$ cat input.txt   # compact mmCIF, C-alpha atoms
# COMPACT_ATOMS: atom_id res chain seq x y z
CA MET E 1 0.00 0.00 0.00
CA PRO E 2 2.74 2.59 0.82
CA THR E 3 4.40 1.82 -2.50
CA LYS E 4 1.11 2.45 -4.28
CA ASN E 5 0.65 5.77 -2.50
CA ALA E 6 4.22 6.86 -3.30
CA THR E 7 3.73 5.95 -6.95
CA ARG E 8 0.48 7.95 -7.03
CA CYS E 9 2.18 10.95 -5.44
CA PHE E 10 5.10 10.75 -7.86
CA ALA E 11 2.71 10.60 -10.80
CA LEU E 12 0.81 13.55 -9.42
CA ILE E 13 3.97 15.65 -9.08
CA CYS E 14 5.09 14.73 -12.58
CA PHE E 15 1.67 15.67 -13.91
CA GLU E 16 1.77 19.02 -12.16
CA LEU E 17 5.29 19.63 -13.40
CA LEU E 18 4.04 19.18 -16.94
CA LEU E 19 0.82 21.10 -16.32
CA PHE E 20 2.38 24.19 -14.78
CA GLN E 21 5.41 24.27 -17.05
CA ASN E 22 3.92 26.83 -19.39
CA SER E 23 1.02 28.13 -17.32
CA PRO E 24 2.12 29.75 -14.09
CA CYS E 25 -0.56 30.47 -11.53
CA ILE E 26 -0.24 34.20 -12.05
CA THR E 27 0.15 35.41 -15.59
CA THR E 28 2.99 37.71 -16.31
CA GLY E 29 3.69 41.19 -17.60
CA GLN E 30 1.19 42.57 -20.07
CA GLN E 31 -1.27 39.75 -19.41
CA GLU E 32 -1.43 40.59 -15.74
CA LEU E 33 -1.87 44.27 -16.53
CA ALA E 34 -4.63 43.35 -18.98
CA ILE E 35 -6.44 41.49 -16.20
CA LEU E 36 -6.27 44.64 -14.11
CA GLY E 37 -7.36 46.68 -17.13
CA MET E 38 -4.14 48.71 -17.12
CA GLN E 39 -2.39 47.47 -20.25
CA ASN E 40 -2.96 50.79 -22.01
CA THR E 41 -1.82 52.97 -19.12
CA ASN E 42 0.22 55.90 -20.33
CA ILE E 43 2.02 57.68 -17.52
CA ALA E 44 2.59 60.94 -19.41
CA TYR E 45 -1.08 61.07 -20.38
CA ASN E 46 -2.10 60.43 -16.75
CA PHE E 47 0.14 63.24 -15.53
CA MET E 48 -1.34 65.57 -18.15
CA ILE E 49 -4.92 64.72 -17.14
CA LEU E 50 -4.07 65.28 -13.47
CA GLY E 51 -2.61 68.69 -14.31
CA ILE E 52 -5.71 69.60 -16.32
CA MET E 53 -7.97 68.51 -13.47
CA PHE E 54 -5.99 70.65 -11.05
CA VAL E 55 -6.54 73.70 -13.27
CA VAL E 56 -10.22 72.88 -13.87
CA TYR E 57 -10.99 72.51 -10.16
CA ARG E 58 -9.20 75.77 -9.39
CA LEU E 59 -11.11 77.48 -12.18
CA ILE E 60 -14.43 76.21 -10.81
CA ALA E 61 -13.54 77.55 -7.36
CA TYR E 62 -12.48 80.91 -8.79
CA LEU E 63 -15.63 81.26 -10.89
CA ALA E 64 -17.78 80.32 -7.89
CA LEU E 65 -16.12 83.03 -5.80
CA LEU E 66 -16.61 85.54 -8.64
CA TYR E 67 -20.26 84.56 -8.92
CA VAL E 68 -20.82 85.04 -5.18
CA ASP E 69 -19.13 88.43 -5.39
CA PHE E 70 -21.18 89.41 -8.43
CA MET E 71 -24.45 88.36 -6.80
CA ARG E 72 -23.65 90.29 -3.65
CA ARG E 73 -22.98 93.46 -5.67
CA HIS E 74 -26.05 92.91 -7.80
CA LEU E 75 -28.27 92.43 -4.75
CA SER E 76 -26.87 95.43 -2.93
CA ALA E 77 -27.35 97.60 -6.03
CA HIS E 78 -30.89 96.30 -6.41
CA THR E 79 -31.64 97.00 -2.74
CA ALA E 80 -30.25 100.51 -3.02
CA ALA E 81 -32.31 101.18 -6.16
CA THR E 82 -35.57 99.94 -4.69
CA SER E 83 -35.14 101.75 -1.40
CA MET S 1 2.28 52.58 6.84
CA GLY S 2 5.93 51.70 7.20
CA SER S 3 5.42 49.29 10.06
CA ILE S 4 2.42 47.52 8.48
CA TYR S 5 3.98 47.13 5.05
CA TRP S 6 7.59 46.94 6.26
CA GLN S 7 9.79 45.49 3.45
CA ILE S 8 7.04 43.54 1.72
CA GLY S 9 9.55 41.46 -0.20
CA ASP S 10 9.40 40.08 -3.72
CA ASP S 11 7.31 36.97 -3.49
CA GLN S 12 3.93 36.65 -5.12
CA ALA S 13 2.14 37.14 -1.81
CA SER S 14 3.47 40.68 -1.83
CA ILE S 15 1.35 41.58 -4.87
CA GLN S 16 -1.72 42.10 -2.71
CA ASP S 17 0.32 44.13 -0.23
CA ARG S 18 1.80 46.24 -3.00
CA ILE S 19 -1.52 47.14 -4.61
CA GLY S 20 -3.12 47.75 -1.21
CA ALA S 21 -0.24 49.95 -0.08
CA LEU S 22 -0.32 51.98 -3.29
CA PHE S 23 -4.04 52.56 -3.07
CA PHE S 24 -3.86 53.45 0.61
CA MET S 25 -1.02 55.90 0.02
CA ALA S 26 -3.01 57.64 -2.72
CA THR S 27 -6.20 57.89 -0.65
CA ASN S 28 -4.17 59.10 2.32
CA GLN S 29 -3.20 62.17 0.29
CA ALA S 30 -6.84 62.87 -0.58
CA PHE S 31 -8.00 62.69 3.03
CA GLY S 32 -5.03 64.75 4.14
CA MET S 33 -6.26 67.59 1.96
CA LEU S 34 -9.64 67.72 3.73
CA GLY S 35 -7.97 70.26 6.02
CA SER S 36 -7.87 72.79 3.18
CA LEU S 37 -11.66 72.61 2.94
CA THR S 38 -12.05 73.31 6.66
CA ILE S 39 -9.68 76.27 6.48
CA PHE S 40 -11.46 77.68 3.45
CA LEU S 41 -14.91 77.33 5.04
CA GLU S 42 -13.68 79.14 8.15
CA GLU S 43 -12.24 82.05 6.20
CA ARG S 44 -14.97 82.34 3.58
CA ASN S 45 -17.24 84.66 5.56
CA LEU S 46 -14.27 86.85 6.40
CA ILE S 47 -13.29 87.03 2.73
CA ASN S 48 -16.81 87.95 1.69
CA ARG S 49 -16.88 90.74 4.24
CA GLU S 50 -13.51 92.07 3.18
CA ARG S 51 -14.45 91.81 -0.48
CA ALA S 52 -17.65 93.76 0.22
CA GLY S 53 -15.49 96.44 1.81
CA GLY S 54 -13.29 96.52 -1.29
CA ALA S 55 -10.13 95.46 0.51
CA TYR S 56 -8.82 93.41 -2.43
CA ARG S 57 -9.96 91.75 -5.63
CA THR S 58 -11.19 88.16 -5.83
CA SER S 59 -8.36 87.22 -8.16
CA SER S 60 -5.78 88.61 -5.71
CA TYR S 61 -7.17 86.49 -2.92
CA PHE S 62 -7.42 83.43 -5.11
CA PHE S 63 -3.86 83.55 -6.46
CA ALA S 64 -2.50 84.32 -2.99
CA LYS S 65 -4.35 81.30 -1.62
CA THR S 66 -3.02 79.07 -4.40
CA PHE S 67 0.57 80.13 -3.68
CA VAL S 68 0.12 79.71 0.06
CA GLU S 69 -1.28 76.20 -0.41
CA ALA S 70 1.42 75.13 -2.87
CA PRO S 71 4.04 74.25 -0.22
CA PHE S 72 1.52 71.96 1.47
CA PHE S 73 0.81 70.18 -1.81
CA LEU S 74 4.52 69.72 -2.38
CA LEU S 75 5.90 69.19 1.10
CA PHE S 76 3.51 66.69 2.68
CA PRO S 77 3.54 64.11 -0.15
CA LEU S 78 7.29 64.54 -0.56
CA VAL S 79 8.06 63.89 3.10
CA PHE S 80 5.55 61.05 3.19
CA SER S 81 7.03 59.44 0.08
CA CYS S 82 10.64 59.78 1.23
CA VAL S 83 9.79 57.82 4.37
CA ALA S 84 7.09 55.39 3.27
CA TYR S 85 8.47 54.39 -0.14
CA TRP S 86 11.73 53.03 1.24
CA MET S 87 10.18 51.51 4.34
CA VAL S 88 7.68 49.55 2.26
CA GLY S 89 10.43 48.48 -0.11
CA PHE S 90 9.20 49.40 -3.57
CA VAL S 91 11.51 49.40 -6.58
CA PRO S 92 14.70 51.24 -5.51
CA THR S 93 15.23 53.20 -8.71
CA ALA S 94 15.21 56.96 -9.16
CA ALA S 95 12.72 56.82 -12.04
CA ALA S 96 10.14 54.78 -10.14
CA PHE S 97 10.54 56.93 -7.04
CA GLY S 98 10.23 60.13 -9.10
CA ILE S 99 7.02 58.95 -10.75
CA PHE S 100 5.70 57.89 -7.36
CA VAL S 101 6.41 61.29 -5.77
CA GLY S 102 5.10 63.18 -8.80
CA ASN S 103 1.89 61.21 -8.71
CA LEU S 104 1.27 61.81 -5.04
CA VAL S 105 2.09 65.53 -5.32
CA LEU S 106 -0.26 65.96 -8.27
CA PHE S 107 -2.99 63.96 -6.63
CA ALA S 108 -2.71 65.98 -3.42
CA ALA S 109 -2.98 69.15 -5.49
CA VAL S 110 -6.02 67.84 -7.37
CA SER S 111 -7.70 66.72 -4.14
CA GLY S 112 -7.05 70.05 -2.45
CA SER S 113 -8.43 71.87 -5.49
CA MET S 114 -11.50 69.67 -5.55
CA PHE S 115 -12.23 70.41 -1.90
CA LEU S 116 -11.69 74.10 -2.55
CA ALA S 117 -14.15 73.95 -5.45
CA ILE S 118 -16.70 72.14 -3.26
CA GLY S 119 -16.28 74.77 -0.57
CA ALA S 120 -16.69 77.59 -3.09
CA VAL S 121 -19.73 76.09 -4.80
CA SER S 122 -21.56 75.04 -1.64
CA PRO S 123 -24.02 77.59 -0.28
CA ASN S 124 -23.00 76.99 3.33
CA THR S 125 -20.62 75.04 5.54
CA THR S 126 -23.05 72.20 6.28
CA VAL S 127 -23.58 71.37 2.60
CA ALA S 128 -19.84 71.44 1.95
CA GLN S 129 -19.13 69.12 4.85
CA ILE S 130 -21.77 66.66 3.63
CA LEU S 131 -20.75 66.86 -0.03
CA SER S 132 -17.00 66.39 0.35
CA PRO S 133 -17.02 62.92 2.00
CA VAL S 134 -19.64 61.69 -0.50
CA LEU S 135 -17.45 62.69 -3.43
CA THR S 136 -14.37 61.25 -1.73
CA VAL S 137 -16.12 57.90 -1.34
CA LEU S 138 -16.96 58.01 -5.06
CA PHE S 139 -13.25 58.58 -5.62
CA LEU S 140 -12.48 55.46 -3.65
CA LEU S 141 -15.14 53.28 -5.25
CA PHE S 142 -14.06 53.93 -8.83
CA GLY S 143 -10.38 54.33 -8.03
CA GLY S 144 -9.37 51.01 -9.56
CA PHE S 145 -8.92 49.02 -6.37
CA TYR S 146 -12.47 47.91 -5.57
CA VAL S 147 -13.80 47.69 -9.12
CA ASN S 148 -11.81 46.27 -12.00
CA ALA S 149 -10.94 48.83 -14.65
CA VAL S 150 -12.38 46.71 -17.47
CA ARG S 151 -15.70 46.33 -15.66
CA ARG S 152 -15.58 50.00 -14.68
CA CYS S 153 -15.17 51.12 -18.28
CA SER S 154 -18.10 49.04 -19.40
CA ARG S 155 -20.42 50.70 -16.92
CA ALA S 156 -21.44 54.24 -16.15
CA SER S 157 -18.17 55.29 -14.62
CA GLN S 158 -16.90 57.02 -17.72
CA SER S 159 -19.31 59.78 -16.89
CA LEU S 160 -17.99 60.03 -13.36
CA SER S 161 -15.06 62.24 -14.20
CA LEU S 162 -14.68 63.11 -10.52
CA SER S 163 -13.31 59.68 -9.83
CA LEU S 164 -10.89 59.83 -12.72
CA SER S 165 -7.90 61.25 -10.89
CA LEU S 166 -7.59 58.50 -8.27
CA SER S 167 -8.04 55.91 -11.00
CA LEU S 168 -5.22 57.51 -12.98
CA VAL S 169 -2.96 57.70 -9.95
CA HIS S 170 -3.65 54.12 -8.99
CA SER S 171 -3.07 52.78 -12.48
CA THR S 172 0.19 54.72 -12.82
CA LEU S 173 1.47 53.55 -9.46
CA THR S 174 0.43 49.97 -10.15
CA LEU S 175 2.20 50.06 -13.49
CA THR S 176 5.34 51.75 -12.20
CA THR S 177 6.20 50.21 -8.89
CA PRO S 178 6.39 46.50 -9.85
CA THR S 179 8.24 47.20 -13.10
CA GLY S 180 11.69 45.65 -13.08
CA LEU S 181 10.92 43.34 -10.20
CA THR S 182 11.16 39.60 -10.33
CA LEU S 183 8.53 38.20 -8.05
CA ILE S 184 9.29 34.72 -6.82
CA GLN S 185 6.63 32.06 -6.70
CA PRO S 186 7.52 29.98 -3.63
CA CYS S 187 7.44 26.18 -3.72
CA ARG S 188 4.77 24.96 -1.35
CA ILE S 189 4.04 21.30 -0.81
CA ALA S 190 1.11 20.70 1.49
CA PHE S 191 0.09 17.38 2.94
CA HIS S 192 -3.56 16.49 2.73
CA ARG S 193 -5.30 13.61 4.43
CA THR S 194 -7.73 11.89 2.10
CA THR S 195 -11.10 10.50 3.08
CA ASN S 196 -9.83 6.96 3.40
CA GLY S 197 -7.13 8.03 5.84
CA SER S 198 -4.11 7.72 3.58
CA ARG S 199 -1.79 10.67 3.36
CA THR S 200 -1.06 12.25 0.07
CA PHE S 201 0.54 15.49 -0.89
CA ARG S 202 0.20 17.92 -3.70
CA SER S 203 2.35 20.79 -4.69
CA SER S 204 0.73 24.14 -5.32
CA SER S 205 3.53 25.07 -7.64
CA THR S 206 6.40 23.37 -9.31
CA ALA S 207 9.42 25.18 -7.99
CA SER S 208 10.71 28.64 -7.40
CA ARG S 209 9.60 30.24 -10.59
CA PRO S 210 10.31 33.88 -11.23
CA TRP S 211 7.31 36.04 -12.03
CA SER S 212 8.87 38.75 -14.06
CA THR S 213 7.08 41.95 -14.89
CA THR S 214 8.52 43.00 -18.16
CA SER S 215 6.14 45.81 -18.98
CA SER S 216 7.93 48.97 -19.90
CA ILE S 217 7.20 52.44 -18.65
CA ARG S 218 5.61 54.40 -21.44
$ encode --input "input.txt" --output "structure tokens"
Amino acid sequence: MPTKNATRCFALICFELLLFQNSPCITTGQQELAILGMQNTNIAYNFMILGIMFVVYRLIAYLALLYVDFMRRHLSAHTAATS
Amino acid sequence: MGSIYWQIGDDQASIQDRIGALFFMATNQAFGMLGSLTIFLEERNLINRERAGGAYRTSSYFFAKTFVEAPFFLLFPLVFSCVAYWMVGFVPTAAAFGIFVGNLVLFAAVSGSMFLAIGAVSPNTTVAQILSPVLTVLFLLFGGFYVNAVRRCSRASQSLSLSLSLSLVHSTLTLTTPTGLTLIQPCRIAFHRTTNGSRTFRSSSTASRPWSTTSSIR
């Protein structure tokens, strides 16, 4: 019985050696990035988009402050005119 | 960060640690910039009063605020990166470290600007304090860690441009930091007891097989 078990184990190891020879558990390089959906990542493009977003957010904040300032002036002028 | 992810090594088990550490470092910068929102909300009424009195122009205040905030955008991520990057044990090359620092600095700047925009657009402090965590959670959800980028693209997230920056940062960091590494797949042979009582064993892998990331930085 032990001999039979040892033979079975040896066969199993040989089978796995053959099976995993060309198919590692975790795929490599571009394949792994493709799984993550990042195979087309362009670092320069990402930096550019981040820079644009920085400017856009700042612009939104600036325009919002301008709008608040404009509305305050408009309301005060309107109040002065009506009174 | 440094103590939890201390020298994560180069085996395949470190992949999860690497991606988790990168995502956590990026989100840490976003939450760190929440302070700029609080400061802005506190000084907004004062600014409005001074603007009504004609003390200065809106553009003067805005550019002055941008220049005052710039050292915080630069300094905090830089100090954080100089400590955390080497403690965690990412790729020890100048290019990878430079991209890492640049990413975190830009992301901190974008996050701070987003919170400033929220504070400026919101009618009062309460709305701003409710809105900013909601948008930050959207950042996290579509940042590339919880939802796969392929699945994300196929759904409605393309329209969620607010979440784009964290996604970009995460993808850049994920692409950059493992590049040039050879991750080792350890040989593990585990014994299993079968139902009839006999012992058998199976190997989860063949031998120490290098997992090489050969993708190039574009």
$ closest_residue --input "input.txt" --among "S:Phe90, S:Tyr146, S:Leu141, S:Leu116" --to "Gly9 (chain S)" --atoms "only C-alpha atoms"
S:Phe90
$ residues_around --input "input.txt" --residues "Ala61 (chain E)" --least-positions-apart "6" --cutoff "12 Å" --atoms "only C-alpha atoms" --output "MDAnalysis selection string"
(chainID E and resid 54:55 67:68) or (chainID S and resid 37 40 58:59 61:63 65:66 112:122)
$ write_last_selection --input "input.txt" --atoms "C-alpha atoms" --output "PDB file, keeping the file's coordinate frame"
ATOM      1  CA  PHE E  54      -5.990  70.650 -11.050  1.00  0.00           C
ATOM      2  CA  VAL E  55      -6.540  73.700 -13.270  1.00  0.00           C
ATOM      3  CA  TYR E  67     -20.260  84.560  -8.920  1.00  0.00           C
ATOM      4  CA  VAL E  68     -20.820  85.040  -5.180  1.00  0.00           C
TER       5      VAL E  68
ATOM      6  CA  LEU S  37     -11.660  72.610   2.940  1.00  0.00           C
ATOM      7  CA  PHE S  40     -11.460  77.680   3.450  1.00  0.00           C
ATOM      8  CA  THR S  58     -11.190  88.160  -5.830  1.00  0.00           C
ATOM      9  CA  SER S  59      -8.360  87.220  -8.160  1.00  0.00           C
ATOM     10  CA  TYR S  61      -7.170  86.490  -2.920  1.00  0.00           C
ATOM     11  CA  PHE S  62      -7.420  83.430  -5.110  1.00  0.00           C
ATOM     12  CA  PHE S  63      -3.860  83.550  -6.460  1.00  0.00           C
ATOM     13  CA  LYS S  65      -4.350  81.300  -1.620  1.00  0.00           C
ATOM     14  CA  THR S  66      -3.020  79.070  -4.400  1.00  0.00           C
ATOM     15  CA  GLY S 112      -7.050  70.050  -2.450  1.00  0.00           C
ATOM     16  CA  SER S 113      -8.430  71.870  -5.490  1.00  0.00           C
ATOM     17  CA  MET S 114     -11.500  69.670  -5.550  1.00  0.00           C
ATOM     18  CA  PHE S 115     -12.230  70.410  -1.900  1.00  0.00           C
ATOM     19  CA  LEU S 116     -11.690  74.100  -2.550  1.00  0.00           C
ATOM     20  CA  ALA S 117     -14.150  73.950  -5.450  1.00  0.00           C
ATOM     21  CA  ILE S 118     -16.700  72.140  -3.260  1.00  0.00           C
ATOM     22  CA  GLY S 119     -16.280  74.770  -0.570  1.00  0.00           C
ATOM     23  CA  ALA S 120     -16.690  77.590  -3.090  1.00  0.00           C
ATOM     24  CA  VAL S 121     -19.730  76.090  -4.800  1.00  0.00           C
ATOM     25  CA  SER S 122     -21.560  75.040  -1.640  1.00  0.00           C
TER      26      SER S 122
END
$ closest_residue --input "input.txt" --among "S:Phe31, S:Tyr56, S:Phe67, S:Phe107" --to "chain E" --atoms "only C-alpha atoms"
S:Phe107
$ closest_residue --input "input.txt" --among "S:Ile4, S:Ala95, S:Met87, S:Val110" --to "Val56 (chain E)" --atoms "all atoms listed in the file"
S:Val110
$ atom_distance --input "input.txt" --atom1 "CA of Pro133 (chain S)" --atom2 "CA of Ile39 (chain S)"
15.9 Å
$ residues_around --input "input.txt" --residues "Gly51 (chain E)" --least-positions-apart "2" --cutoff "12 Å" --atoms "all atoms listed in the file" --output "MDAnalysis selection string"
(chainID E and resid 44:49 53:58) or (chainID S and resid 102:103 105:111 113 165 168:169)
$ closest_residue --input "input.txt" --among "S:Trp6, S:Ala21, S:Phe145, S:Leu173" --to "Trp86 (chain S)" --atoms "all atoms listed in the file"
S:Trp6
$ atom_distance --input "input.txt" --atom1 "CA of Thr93 (chain S)" --atom2 "CA of Leu22 (chain S)"
16.5 Å
$ closest_residue --input "input.txt" --among "S:Ala55, S:Met33, S:Ile47, S:Val101" --to "Phe80 (chain S)" --atoms "all atoms listed in the file"
S:Val101
$ closest_residue --input "input.txt" --among "S:Val83, S:Phe76, S:Val134, S:Phe100" --to "chain E" --atoms "all atoms listed in the file"
S:Phe100
